[in-house]
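Containing CSV, C-alpha atoms: start39.csv.
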```
chain,number,residue,atom,x,y,z
A,1,MET,CA,35.3,42.0,-56.7
A,2,LYS,CA,33.7,38.8,-57.7
A,3,LEU,CA,33.3,35.8,-55.4
A,4,SER,CA,32.3,32.4,-56.5
A,5,ILE,CA,31.2,29.6,-54.2
A,6,ILE,CA,31.5,26.1,-55.5
A,7,ASN,CA,29.5,23.6,-53.5
A,8,GLY,CA,30.8,20.0,-53.9
A,9,SER,CA,28.2,18.3,-51.7
A,10,PRO,CA,26.7,15.2,-53.3
A,11,ARG,CA,23.4,16.5,-51.9
A,12,GLY,CA,23.7,19.7,-54.0
A,13,LYS,CA,21.1,22.4,-53.2
A,14,GLY,CA,19.7,20.3,-50.4
A,15,SER,CA,23.0,20.0,-48.6
A,16,ASN,CA,24.2,21.1,-45.2
A,17,SER,CA,27.0,22.9,-47.0
A,18,LYS,CA,24.4,25.1,-48.7
A,19,ILE,CA,23.0,26.0,-45.2
A,20,LEU,CA,26.4,27.2,-44.2
A,21,THR,CA,27.1,29.1,-47.4
A,22,ASP,CA,23.7,30.8,-47.1
A,23,GLN,CA,24.8,32.2,-43.8
A,24,PHE,CA,28.2,33.2,-45.3
A,25,ARG,CA,26.3,35.0,-48.1
A,26,LYS,CA,24.1,36.9,-45.6
A,27,GLY,CA,27.2,38.1,-43.8
A,28,PHE,CA,28.9,39.0,-47.0
A,29,CYS,CA,25.9,40.9,-48.3
A,30,SER,CA,25.5,42.8,-45.1
A,31,VAL,CA,28.7,44.7,-46.1
A,32,GLU,CA,29.0,44.6,-49.9
A,33,SER,CA,26.3,46.7,-51.6
A,34,HIS,CA,26.7,44.8,-54.9
A,35,CYS,CA,27.0,41.5,-53.3
A,36,ASP,CA,28.4,39.8,-56.3
A,37,ILE,CA,28.5,36.1,-55.2
A,38,ARG,CA,27.9,33.4,-57.7
A,39,GLU,CA,27.0,29.9,-56.5
A,40,TYR,CA,27.7,26.7,-58.4
A,41,PHE,CA,27.0,23.0,-57.6
A,42,ILE,CA,29.5,20.4,-58.7
A,43,LYS,CA,26.6,17.9,-58.7
A,44,SER,CA,24.7,19.7,-61.4
A,45,ALA,CA,27.1,22.2,-63.1
A,46,THR,CA,29.2,21.3,-66.1
A,47,TYR,CA,33.0,21.4,-65.8
A,48,PRO,CA,33.3,24.3,-68.3
A,49,GLU,CA,30.9,26.2,-66.1
A,50,LEU,CA,32.9,25.5,-63.0
A,51,ILE,CA,36.2,26.4,-64.7
A,52,ASN,CA,34.7,29.5,-66.1
A,53,ALA,CA,33.6,30.5,-62.5
A,54,LEU,CA,37.2,30.2,-61.4
A,55,GLU,CA,38.6,32.0,-64.4
A,56,SER,CA,36.2,35.0,-64.0
A,57,SER,CA,36.4,35.4,-60.2
A,58,ASP,CA,38.7,37.3,-57.9
A,59,PHE,CA,38.0,34.9,-55.0
A,60,ALA,CA,36.5,31.4,-54.9
A,61,ILE,CA,35.6,29.1,-52.1
A,62,ILE,CA,35.1,25.4,-52.6
A,63,ILE,CA,32.9,23.8,-49.8
A,64,PHE,CA,32.2,20.1,-49.4
A,65,PRO,CA,31.6,17.4,-46.7
A,66,LEU,CA,34.3,15.0,-45.6
A,67,TYR,CA,33.6,11.7,-47.2
A,68,THR,CA,35.6,8.6,-46.2
A,69,ASP,CA,38.3,10.9,-44.7
A,70,ALA,CA,38.8,12.9,-47.9
A,71,MET,CA,36.9,14.9,-50.6
A,72,PRO,CA,33.8,13.3,-52.1
A,73,GLY,CA,34.4,11.4,-55.4
A,74,ILE,CA,32.6,14.1,-57.4
A,75,VAL,CA,34.9,16.8,-56.0
A,76,LYS,CA,38.0,14.7,-56.9
A,77,ARG,CA,36.6,14.3,-60.4
A,78,PHE,CA,36.4,18.1,-60.7
A,79,PHE,CA,40.0,18.5,-59.4
A,80,GLU,CA,41.1,16.1,-62.1
A,81,GLU,CA,39.8,18.5,-64.8
A,82,PHE,CA,43.0,20.5,-64.0
A,83,THR,CA,45.2,17.8,-65.4
A,84,ASN,CA,44.2,19.1,-68.8
A,85,TYR,CA,43.4,22.7,-68.1
A,86,HIS,CA,45.8,25.3,-66.7
A,87,LEU,CA,44.1,28.2,-65.0
A,88,LYS,CA,45.0,31.5,-66.6
A,89,ASN,CA,43.4,33.6,-63.8
A,90,HIS,CA,46.5,34.6,-61.8
A,91,LYS,CA,44.6,37.0,-59.6
A,92,LEU,CA,42.4,34.3,-58.2
A,93,LYS,CA,42.5,33.5,-54.5
A,94,LEU,CA,41.1,30.2,-53.5
A,95,GLY,CA,39.9,28.9,-50.1
A,96,PHE,CA,38.1,25.7,-48.9
A,97,ILE,CA,35.5,24.8,-46.3
A,98,VAL,CA,35.4,21.2,-45.2
A,99,GLN,CA,32.5,20.3,-43.0
A,100,SER,CA,31.9,16.9,-41.3
A,101,GLY,CA,29.6,15.1,-38.9
A,102,PHE,CA,32.5,14.3,-36.5
A,103,PRO,CA,32.7,16.9,-33.7
A,104,GLU,CA,36.5,17.3,-33.8
A,105,ALA,CA,38.5,19.1,-36.4
A,106,ILE,CA,41.3,16.5,-36.4
A,107,HIS,CA,39.5,14.3,-38.8
A,108,SER,CA,39.8,16.9,-41.6
A,109,ARG,CA,43.3,18.1,-40.9
A,110,TYR,CA,44.9,15.5,-43.2
A,111,LEU,CA,42.8,16.6,-46.1
A,112,GLU,CA,43.6,20.2,-45.3
A,113,LYS,CA,47.2,19.5,-46.1
A,114,TYR,CA,46.1,18.1,-49.5
A,115,LEU,CA,44.1,21.2,-50.2
A,116,ASP,CA,47.0,23.5,-49.3
A,117,LYS,CA,49.2,21.5,-51.7
A,118,LEU,CA,46.5,21.5,-54.4
A,119,ALA,CA,46.4,25.3,-54.4
A,120,LYS,CA,50.2,25.3,-54.8
A,121,ARG,CA,49.9,22.8,-57.6
A,122,LEU,CA,47.4,25.1,-59.4
A,123,GLU,CA,49.7,28.0,-58.7
A,124,ILE,CA,46.8,29.9,-57.0
A,125,ASP,CA,47.0,32.1,-53.9
A,126,TYR,CA,45.6,30.0,-51.0
A,127,LEU,CA,43.1,31.7,-48.6
A,128,GLY,CA,43.2,28.8,-46.2
A,129,THR,CA,40.8,26.0,-45.2
A,130,VAL,CA,37.9,26.3,-42.8
A,131,ILE,CA,37.2,23.1,-40.9
A,132,LYS,CA,33.9,22.7,-39.2
A,133,GLY,CA,32.7,19.5,-37.5
A,134,GLY,CA,29.4,18.6,-36.0
A,135,ILE,CA,27.4,19.6,-39.0
A,136,GLU,CA,25.4,16.4,-39.8
A,137,GLY,CA,21.9,16.9,-38.4
A,138,ILE,CA,21.9,20.7,-38.4
A,139,LYS,CA,18.8,20.7,-40.6
A,140,ILE,CA,16.7,19.1,-37.8
A,141,GLN,CA,18.4,20.7,-34.8
A,142,PRO,CA,16.5,23.4,-33.0
A,143,LYS,CA,17.8,27.0,-33.7
A,144,TRP,CA,19.4,27.4,-30.3
A,145,MET,CA,21.7,24.4,-31.0
A,146,THR,CA,22.9,25.8,-34.4
A,147,ARG,CA,22.9,29.5,-33.5
A,148,LYS,CA,26.7,29.8,-32.7
A,149,THR,CA,27.6,28.0,-35.9
A,150,MET,CA,25.3,30.1,-38.0
A,151,GLU,CA,26.7,33.3,-36.4
A,152,MET,CA,30.3,32.2,-37.1
A,153,PHE,CA,29.6,31.6,-40.8
A,154,TYR,CA,27.8,34.9,-41.0
A,155,ASP,CA,30.9,36.6,-39.4
A,156,LEU,CA,33.1,34.7,-41.9
A,157,GLY,CA,31.2,36.1,-44.8
A,158,GLN,CA,31.1,39.6,-43.3
A,159,HIS,CA,34.9,39.6,-42.8
A,160,MET,CA,35.4,38.2,-46.3
A,161,ALA,CA,33.6,41.3,-47.7
A,162,LEU,CA,35.6,43.7,-45.4
A,163,ASP,CA,39.1,42.2,-45.6
A,164,TRP,CA,38.9,39.8,-48.6
A,165,GLU,CA,40.3,37.0,-46.6
A,166,LEU,CA,39.1,34.0,-44.5
A,167,ASN,CA,39.6,35.5,-41.1
A,168,ASN,CA,42.0,33.4,-39.1
A,169,GLU,CA,40.4,34.1,-35.7
A,170,ILE,CA,37.0,32.8,-37.0
A,171,ILE,CA,38.6,29.8,-38.7
A,172,LYS,CA,40.1,29.0,-35.3
A,173,ARG,CA,36.8,29.3,-33.5
A,174,LEU,CA,35.0,27.2,-36.1
A,175,SER,CA,37.5,24.4,-35.8
A,176,THR,CA,37.0,24.0,-32.1
A,177,PRO,CA,37.3,21.4,-30.7
A,178,GLU,CA,40.4,20.2,-32.3
A,179,LEU,CA,40.4,17.1,-30.2
A,180,LEU,CA,37.8,15.8,-27.7
A,181,SER,CA,38.3,16.9,-24.1
A,182,ARG,CA,38.4,14.4,-21.3
A,183,PHE,CA,35.1,15.8,-20.0
A,184,PHE,CA,33.5,15.3,-23.4
A,185,ILE,CA,34.7,11.7,-23.6
A,186,PHE,CA,33.5,11.0,-20.0
A,187,MET,CA,30.1,12.6,-20.8
A,188,TYR,CA,29.8,10.8,-24.2
A,189,ARG,CA,30.4,7.5,-22.5
A,190,VAL,CA,27.8,8.2,-19.8
A,191,ILE,CA,25.2,9.4,-22.3
A,192,GLY,CA,26.1,6.4,-24.5
A,193,LYS,CA,25.2,4.0,-21.7
A,194,LEU,CA,21.8,5.7,-21.5
A,195,GLY,CA,21.4,5.1,-25.3
A,196,PHE,CA,21.1,8.8,-26.3
A,197,THR,CA,24.2,9.2,-28.4
A,198,ASN,CA,22.6,7.7,-31.4
A,199,PHE,CA,19.3,9.6,-31.1
A,200,TYR,CA,19.7,11.3,-34.5
A,201,TRP,CA,20.2,8.0,-36.4
A,202,ASP,CA,17.6,6.1,-34.3
A,203,GLN,CA,15.0,8.7,-35.1
A,204,GLN,CA,15.5,8.3,-38.8
A,205,LEU,CA,15.7,4.5,-38.6
A,206,LYS,CA,12.3,4.4,-36.8
A,207,LYS,CA,10.7,6.9,-39.2
A,208,ASN,CA,11.7,4.5,-42.1
A,209,ASN,CA,10.6,1.3,-40.2
A,210,ALA,CA,14.2,0.2,-40.3
A,211,PHE,CA,15.1,0.3,-36.7
A,212,GLY,CA,14.8,-3.4,-36.1
A,213,ASN,CA,17.1,-4.0,-39.0
A,214,ARG,CA,19.7,-1.5,-38.0
A,215,PHE,CA,22.5,-4.1,-37.4
A,216,ALA,CA,21.8,-5.9,-40.7
A,217,GLN,CA,24.8,-7.5,-42.4
A,218,PRO,CA,23.5,-8.0,-46.0
A,219,TYR,CA,26.8,-9.4,-47.2
A,220,SER,CA,27.3,-12.0,-44.4
A,221,LYS,CA,27.3,-15.6,-45.6
A,222,PRO,CA,24.3,-17.6,-44.3
B,1,MET,CA,44.3,-15.7,-48.1
B,2,LYS,CA,41.8,-13.8,-50.2
B,3,ILE,CA,43.1,-10.6,-51.8
B,4,THR,CA,41.0,-8.1,-53.8
B,5,ILE,CA,42.8,-5.5,-55.9
B,6,LEU,CA,40.7,-2.5,-56.7
B,7,ASN,CA,42.2,-1.2,-60.0
B,8,GLY,CA,41.4,2.5,-60.0
B,9,ASN,CA,43.3,3.3,-63.1
B,10,PRO,CA,41.0,5.3,-65.4
B,11,TYR,CA,43.3,5.1,-68.4
B,12,GLU,CA,43.4,1.8,-70.2
B,13,ASP,CA,46.5,3.0,-72.2
B,14,ASN,CA,48.5,3.4,-69.0
B,15,LYS,CA,50.3,0.2,-69.7
B,16,THR,CA,53.0,0.7,-67.0
B,17,PHE,CA,50.4,0.6,-64.3
B,18,GLU,CA,48.4,-2.2,-65.8
B,19,SER,CA,51.4,-4.4,-66.4
B,20,TYR,CA,52.6,-3.9,-62.8
B,21,LEU,CA,49.2,-4.9,-61.4
B,22,ASP,CA,49.1,-7.9,-63.7
B,23,GLU,CA,52.5,-9.0,-62.5
B,24,VAL,CA,51.6,-8.6,-58.8
B,25,ALA,CA,48.3,-10.6,-59.3
B,26,LEU,CA,50.2,-13.3,-61.2
B,27,ALA,CA,53.0,-13.6,-58.6
B,28,LEU,CA,50.4,-13.8,-55.7
B,29,ASP,CA,48.4,-16.4,-57.7
B,30,ASP,CA,51.5,-18.5,-58.3
B,31,LEU,CA,51.9,-18.6,-54.5
B,32,GLY,CA,48.5,-20.1,-54.2
B,33,LEU,CA,46.7,-17.0,-52.9
B,34,ASP,CA,43.1,-16.3,-54.0
B,35,VAL,CA,43.5,-13.0,-56.0
B,36,ILE,CA,40.7,-11.0,-57.6
B,37,THR,CA,41.3,-7.8,-59.6
B,38,VAL,CA,38.3,-5.5,-60.0
B,39,THR,CA,38.9,-3.1,-62.8
B,40,LEU,CA,36.7,-0.2,-61.8
B,41,ARG,CA,36.7,1.6,-65.2
B,42,ASP,CA,34.7,-1.5,-66.5
B,43,LYS,CA,32.1,-1.2,-63.8
B,44,ASN,CA,29.0,0.9,-63.5
B,45,ILE,CA,29.4,2.7,-60.2
B,46,HIS,CA,27.2,5.7,-59.4
B,47,SER,CA,28.5,8.4,-57.1
B,48,CYS,CA,27.2,8.4,-53.5
B,49,THR,CA,24.4,11.0,-53.3
B,50,GLY,CA,24.6,11.4,-49.5
B,51,CYS,CA,21.0,10.1,-49.0
B,52,TRP,CA,22.1,7.8,-46.1
B,53,GLY,CA,19.6,5.3,-47.3
B,54,CYS,CA,22.3,2.7,-46.5
B,55,TRP,CA,22.2,3.7,-42.9
B,56,VAL,CA,18.6,4.6,-42.2
B,57,LYS,CA,16.3,3.0,-44.9
B,58,ASN,CA,17.9,-0.3,-45.9
B,59,PRO,CA,20.7,-0.7,-43.4
B,60,GLY,CA,23.9,-2.0,-44.9
B,61,GLU,CA,22.9,-1.7,-48.6
B,62,CYS,CA,23.1,1.2,-51.0
B,63,SER,CA,19.8,2.5,-52.4
B,64,ILE,CA,21.3,3.0,-55.9
B,65,PRO,CA,21.4,-0.1,-58.0
B,66,ASP,CA,24.9,-0.4,-59.6
B,67,ASP,CA,27.9,-2.7,-59.6
B,68,SER,CA,29.2,-1.5,-56.2
B,69,GLY,CA,27.1,-4.2,-54.4
B,70,GLU,CA,29.2,-7.0,-55.8
B,71,ILE,CA,32.4,-5.2,-54.9
B,72,ARG,CA,31.2,-4.6,-51.3
B,73,ASP,CA,30.5,-8.3,-51.2
B,74,LYS,CA,34.0,-9.2,-52.4
B,75,ILE,CA,35.6,-6.7,-50.0
B,76,ILE,CA,33.9,-7.9,-46.8
B,77,HIS,CA,35.0,-11.5,-47.6
B,78,SER,CA,38.6,-10.6,-48.3
B,79,ASP,CA,41.6,-10.6,-46.0
B,80,LEU,CA,43.3,-7.8,-47.8
B,81,ILE,CA,42.1,-5.0,-50.1
B,82,ILE,CA,44.7,-3.3,-52.3
B,83,PHE,CA,43.6,0.2,-53.4
B,84,ALA,CA,45.5,0.7,-56.6
B,85,SER,CA,45.6,3.9,-58.6
B,86,PRO,CA,47.8,6.3,-60.4
B,87,LEU,CA,48.0,9.6,-58.5
B,88,ILE,CA,46.1,12.3,-60.3
B,89,MET,CA,46.4,15.9,-59.0
B,90,GLY,CA,48.2,14.5,-56.0
B,91,PHE,CA,45.6,11.9,-54.9
B,92,THR,CA,44.2,8.5,-56.0
B,93,SER,CA,41.8,8.7,-58.9
B,94,ALA,CA,38.2,9.9,-58.7
B,95,LEU,CA,37.3,6.5,-60.1
B,96,LEU,CA,38.7,4.9,-57.0
B,97,LYS,CA,37.4,7.6,-54.6
B,98,ILE,CA,33.8,7.2,-56.0
B,99,LEU,CA,34.0,3.5,-55.2
B,100,GLN,CA,35.5,4.2,-51.8
B,101,ASP,CA,32.5,6.5,-50.9
B,102,LYS,CA,30.3,3.5,-51.8
B,103,LEU,CA,31.9,1.5,-48.9
B,104,ILE,CA,30.0,3.5,-46.4
B,105,PRO,CA,27.2,0.9,-46.2
B,106,LEU,CA,29.8,-1.5,-44.7
B,107,ILE,CA,30.1,0.7,-41.7
B,108,HIS,CA,27.5,1.5,-39.1
B,109,PRO,CA,26.2,5.1,-38.6
B,110,TYR,CA,26.4,4.8,-34.8
B,111,LEU,CA,29.5,6.4,-33.3
B,112,GLU,CA,31.9,5.4,-30.6
B,113,ILE,CA,35.1,6.6,-29.1
B,114,VAL,CA,38.3,5.1,-30.5
B,115,ASN,CA,41.7,6.4,-29.2
B,116,ASN,CA,40.0,9.4,-27.8
B,117,GLU,CA,38.3,10.3,-31.1
B,118,ILE,CA,34.8,9.8,-32.4
B,119,HIS,CA,34.6,7.2,-35.1
B,120,HIS,CA,31.9,5.0,-36.6
B,121,GLN,CA,31.0,1.6,-35.2
B,122,LYS,CA,31.5,-1.5,-37.2
B,123,ARG,CA,28.7,-3.3,-39.0
B,124,TYR,CA,30.5,-6.6,-39.6
B,125,ASP,CA,32.5,-8.8,-37.3
B,126,GLN,CA,35.6,-8.6,-39.4
B,127,TYR,CA,37.1,-6.3,-41.9
B,128,PRO,CA,40.0,-6.8,-44.4
B,129,GLY,CA,43.3,-5.1,-44.0
B,130,LEU,CA,44.0,-2.3,-46.4
B,131,ALA,CA,46.9,-1.4,-48.6
B,132,LEU,CA,47.6,1.5,-51.0
B,133,LEU,CA,49.5,1.0,-54.2
B,134,PHE,CA,50.0,4.1,-56.3
B,135,GLN,CA,51.8,5.3,-59.4
B,136,PRO,CA,53.5,8.6,-58.8
B,137,GLU,CA,53.0,11.6,-61.1
B,138,PRO,CA,56.2,13.2,-62.5
B,139,GLU,CA,55.9,16.0,-59.9
B,140,THR,CA,55.0,13.7,-56.9
B,141,ASP,CA,57.3,14.5,-54.0
B,142,ASP,CA,57.7,13.0,-50.5
B,143,GLU,CA,55.0,15.5,-49.1
B,144,ASP,CA,52.4,14.2,-51.6
B,145,ILE,CA,53.1,10.6,-50.6
B,146,GLN,CA,52.9,11.5,-47.0
B,147,ILE,CA,49.5,13.3,-47.5
B,148,VAL,CA,47.9,10.4,-49.4
B,149,THR,CA,49.3,7.8,-47.0
B,150,ASP,CA,48.0,9.8,-44.0
B,151,ILE,CA,44.5,10.1,-45.5
B,152,TYR,CA,44.4,6.3,-46.2
B,153,HIS,CA,45.6,5.6,-42.7
B,154,ARG,CA,42.8,7.7,-41.4
B,155,PHE,CA,40.3,5.9,-43.6
B,156,SER,CA,41.6,2.6,-42.3
B,157,ILE,CA,40.6,3.6,-38.8
B,158,ASN,CA,37.1,4.4,-39.8
B,159,PHE,CA,37.0,1.2,-41.8
B,160,LYS,CA,37.8,-0.8,-38.7
B,161,SER,CA,41.0,-1.9,-40.3
B,162,GLU,CA,44.7,-1.0,-40.6
B,163,LEU,CA,46.9,0.2,-43.4
B,164,LEU,CA,49.4,-2.5,-44.2
B,165,PHE,CA,51.4,-0.4,-46.6
B,166,SER,CA,51.4,2.5,-48.9
B,167,LYS,CA,53.8,1.9,-51.8
B,168,SER,CA,54.7,3.1,-55.2
B,169,ILE,CA,54.6,0.8,-58.3
B,170,GLU,CA,58.3,1.5,-58.4
B,171,THR,CA,58.6,-1.0,-55.6
B,172,PRO,CA,60.2,-4.3,-56.7
B,173,ILE,CA,57.4,-6.9,-57.1
B,174,GLU,CA,59.2,-9.5,-55.0
B,175,LYS,CA,59.4,-7.1,-52.1
B,176,LEU,CA,55.7,-6.2,-52.4
B,177,VAL,CA,54.6,-9.8,-52.6
B,178,ASN,CA,56.8,-10.7,-49.7
B,179,GLU,CA,55.1,-8.1,-47.6
B,180,ILE,CA,51.7,-9.3,-48.6
B,181,ILE,CA,52.2,-13.0,-48.0
B,182,HIS,CA,53.4,-12.4,-44.5
B,183,TYR,CA,50.3,-10.3,-43.7
B,184,GLN,CA,48.0,-11.8,-41.1
B,185,ARG,CA,44.7,-10.0,-40.2
```

Here is the file; what I need is its structure written in the form of structure tokens.
Amino acid sequence: MKLSIINGSPRGKGSNSKILTDQFRKGFCSVESHCDIREYFIKSATYPELINALESSDFAIIIFPLYTDAMPGIVKRFFEEFTNYHLKNHKLKLGFIVQSGFPEAIHSRYLEKYLDKLAKRLEIDYLGTVIKGGIEGIKIQPKWMTRKTMEMFYDLGQHMALDWELNNEIIKRLSTPELLSRFFIFMYRVIGKLGFTNFYWDQQLKKNNAFGNRFAQPYSKP
Amino acid sequence: MKITILNGNPYEDNKTFESYLDEVALALDDLGLDVITVTLRDKNIHSCTGCWGCWVKNPGECSIPDDSGEIRDKIIHSDLIIFASPLIMGFTSALLKILQDKLIPLIHPYLEIVNNEIHHQKRYDQYPGLALLFQPEPETDDEDIQIVTDIYHRFSINFKSELLFSKSIETPIEKLVNEIIHYQR
């Protein structure tokens, strides 16, 4: 069985999406002796390469970050290739992973409906969409903060190799929380008053000597 | 009232779409409204690379020099932005989506709770209203329209705005214009 991963992050090989699929790959390869996973990056691959990946695979997963509440522009551009090209690979099963910086899954649910419909439009079997929030910043977070997420993507890959599907139970765990709890909202407001909620951004602004300019409005009229 | 129409039609020979937009712009202009149409296929707009330079290096401005800066300037000084595009594979064009991704500098990276959800904070004091004008594909159904409308509604929340309408170019021009002229942000 051949599995292709198509990474649609504008950051390509340096993306958070790649960190997640690396874990997925580890889990997958812990079961499959041949471990036939091919990885492609929309940012750098040609469209014929990407289409060939879909034509020659049994399974494919397209992963990308949520950008302005939908797929990044480069991913949409890739989807538009299918206006002129009809996939001939009727055995292909296609799934998606949408990751975002927002903690709750609700932000990506609207796009999930689009992806479901896209699979129907392409007449491809749909494996489902994995939604994972809270991903921005995982590169700099200590291991104890990302351990659960990494384990879940490992498990997702392992189940893929065992059952050839995106495991529904793991999908459900990954998409938690669907909405913010009252406790989260309360704590967020408390921590916000102490000025800690923007720590991730403040750290980078300070590193770039841009903190004092963080509220700049370059398009405001003088 | 200032209105900016973002023409996301990638196909110059799609005359049905182009004529409709021209007629809308003309009708609004005749009523004394300040209308600008930005034809995105004539602009040099580089895809967002996710560098977040617009948030953490040069706040509010994209690090990639292209034509998106002049469009951001027009947008933030408009009262209404019309995202106009044919639907392609069930969604607005990549041409329009690439520009939409380049609107991130207009929003602040800091987060806040809005209606019990996490959203980005505003960078500017005021944002224009948003509207979606689309050309259906032959296979477009009600579900497709609902999907694209819902996604633009969600975008309007993060853009500190509201979605005035989501309408097909099959809408009579008088009806569309009537809705626009009564809009107050």

Taking only C-alpha atoms into account, which residues of chain A are within 7 Å of chain B, as JSON, numbers by chain? {"A": [10, 11, 67, 68, 69, 70, 73, 76, 77, 79, 80, 83, 102, 110, 111, 113, 114, 180, 198, 201, 204, 205, 208, 210, 213, 214, 215, 216, 217, 218, 219]}

Need the shell around region 122-128 of chain A: protein/DNA/RNA residues with any atom at most 10 Å away, counting all atoms listed in the file. Skip same-chain ones fewer than 4 positions apart. Format as an NGL selection string? (:A and (59-61 or 79 or 82-83 or 85-97 or 112 or 115-118 or 164-168 or 171)) or (:B and (89))

Just want the 12 Å neighbourhood of region 13-15 of chain B, counted on all atoms listed in the file, with same-chain residues fewer than 5 positions away dropped. Output as a list of chain:residue names.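 Selected residues are B:Asn7, B:Gly8, B:Tyr20, B:Leu21, B:Asp22, B:Glu23, B:Ser85, B:Pro86, B:Gln135.
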
With only C-alpha atoms as the counted atoms, please give the residues lying no more than 6 Å from Gly129 (chain B), apart from itself and same-chain residues fewer than 3 positions off, as a compact mmCIF listing (two decimals) with C-alpha atoms, in the frame of the given file.
```txt
# COMPACT_ATOMS: atom_id res chain seq x y z
CA LEU B 80 43.30 -7.80 -47.80
CA SER B 161 41.00 -1.90 -40.30
CA GLU B 162 44.70 -1.00 -40.60
```

Selected residue of minimal separation from Gly101 (chain A) among A:Arg25, A:Lys143, A:Lys120, A:Lys132, counting all atoms listed in the file: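 Of all the options, A:Lys132 lies closest to Gly101 (chain A).
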
Around (33.9, -0.6, -69.2) in the file's frame, which residues reach within 12 Å when counting all atoms listed in the file? Return as a list in words?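 Every residue inside that radius is included here: Asn9, Pro10, Tyr11, Glu12, Val38, Thr39, Leu40, Arg41, Asp42, Lys43, Asn44, Ile45 and Asp67 of chain B.
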
Quick one: residues within 12 Å of region 176-183 of chain B, all atoms listed in the file, excluding same-chain residues fewer than 5 positions away - as JSON, numbers by chain? {"B": [1, 2, 3, 4, 20, 21, 23, 24, 25, 26, 27, 28, 29, 30, 31, 32, 33, 34, 35, 79, 80, 81, 82, 128, 129, 130, 131, 132, 133, 162, 163, 164, 165, 166, 167, 168, 169, 170, 171]}

With C-alpha atoms retained, could you export that selection as a short mmCIF file (atom, residue, chain, number, x, y, z; two decimals), in the coordinates of the input?
```cif
data_model
loop_
_atom_site.label_atom_id
_atom_site.label_comp_id
_atom_site.auth_asym_id
_atom_site.auth_seq_id
_atom_site.Cartn_x
_atom_site.Cartn_y
_atom_site.Cartn_z
CA MET B 1 44.30 -15.70 -48.10
CA LYS B 2 41.80 -13.80 -50.20
CA ILE B 3 43.10 -10.60 -51.80
CA THR B 4 41.00 -8.10 -53.80
CA TYR B 20 52.60 -3.90 -62.80
CA LEU B 21 49.20 -4.90 -61.40
CA GLU B 23 52.50 -9.00 -62.50
CA VAL B 24 51.60 -8.60 -58.80
CA ALA B 25 48.30 -10.60 -59.30
CA LEU B 26 50.20 -13.30 -61.20
CA ALA B 27 53.00 -13.60 -58.60
CA LEU B 28 50.40 -13.80 -55.70
CA ASP B 29 48.40 -16.40 -57.70
CA ASP B 30 51.50 -18.50 -58.30
CA LEU B 31 51.90 -18.60 -54.50
CA GLY B 32 48.50 -20.10 -54.20
CA LEU B 33 46.70 -17.00 -52.90
CA ASP B 34 43.10 -16.30 -54.00
CA VAL B 35 43.50 -13.00 -56.00
CA ASP B 79 41.60 -10.60 -46.00
CA LEU B 80 43.30 -7.80 -47.80
CA ILE B 81 42.10 -5.00 -50.10
CA ILE B 82 44.70 -3.30 -52.30
CA PRO B 128 40.00 -6.80 -44.40
CA GLY B 129 43.30 -5.10 -44.00
CA LEU B 130 44.00 -2.30 -46.40
CA ALA B 131 46.90 -1.40 -48.60
CA LEU B 132 47.60 1.50 -51.00
CA LEU B 133 49.50 1.00 -54.20
CA GLU B 162 44.70 -1.00 -40.60
CA LEU B 163 46.90 0.20 -43.40
CA LEU B 164 49.40 -2.50 -44.20
CA PHE B 165 51.40 -0.40 -46.60
CA SER B 166 51.40 2.50 -48.90
CA LYS B 167 53.80 1.90 -51.80
CA SER B 168 54.70 3.10 -55.20
CA ILE B 169 54.60 0.80 -58.30
CA GLU B 170 58.30 1.50 -58.40
CA THR B 171 58.60 -1.00 -55.60
#
```

When you draw a straight line from CA of Ile74 (chain A) to CA of Gly8 (chain A), how long is it in Å?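 Interatomic distance here is 7.1 Å.
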
For CA of Cys35 (chain A) and CA of Asp163 (chain A), quote the distance in Å rounded to one decimal. 14.4 Å

Go ahead and compute the interatomic distance for CA of Pro103 (chain A) and CA of Lys139 (chain A), in Å to one decimal. 16.0 Å

Between A:Asn209, A:Ser57, A:Gln23, A:Ser30, which one has atoms that come closest to Lys148 (chain A), using only C-alpha atoms?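 Under the stated criterion, the closest residue is A:Gln23.
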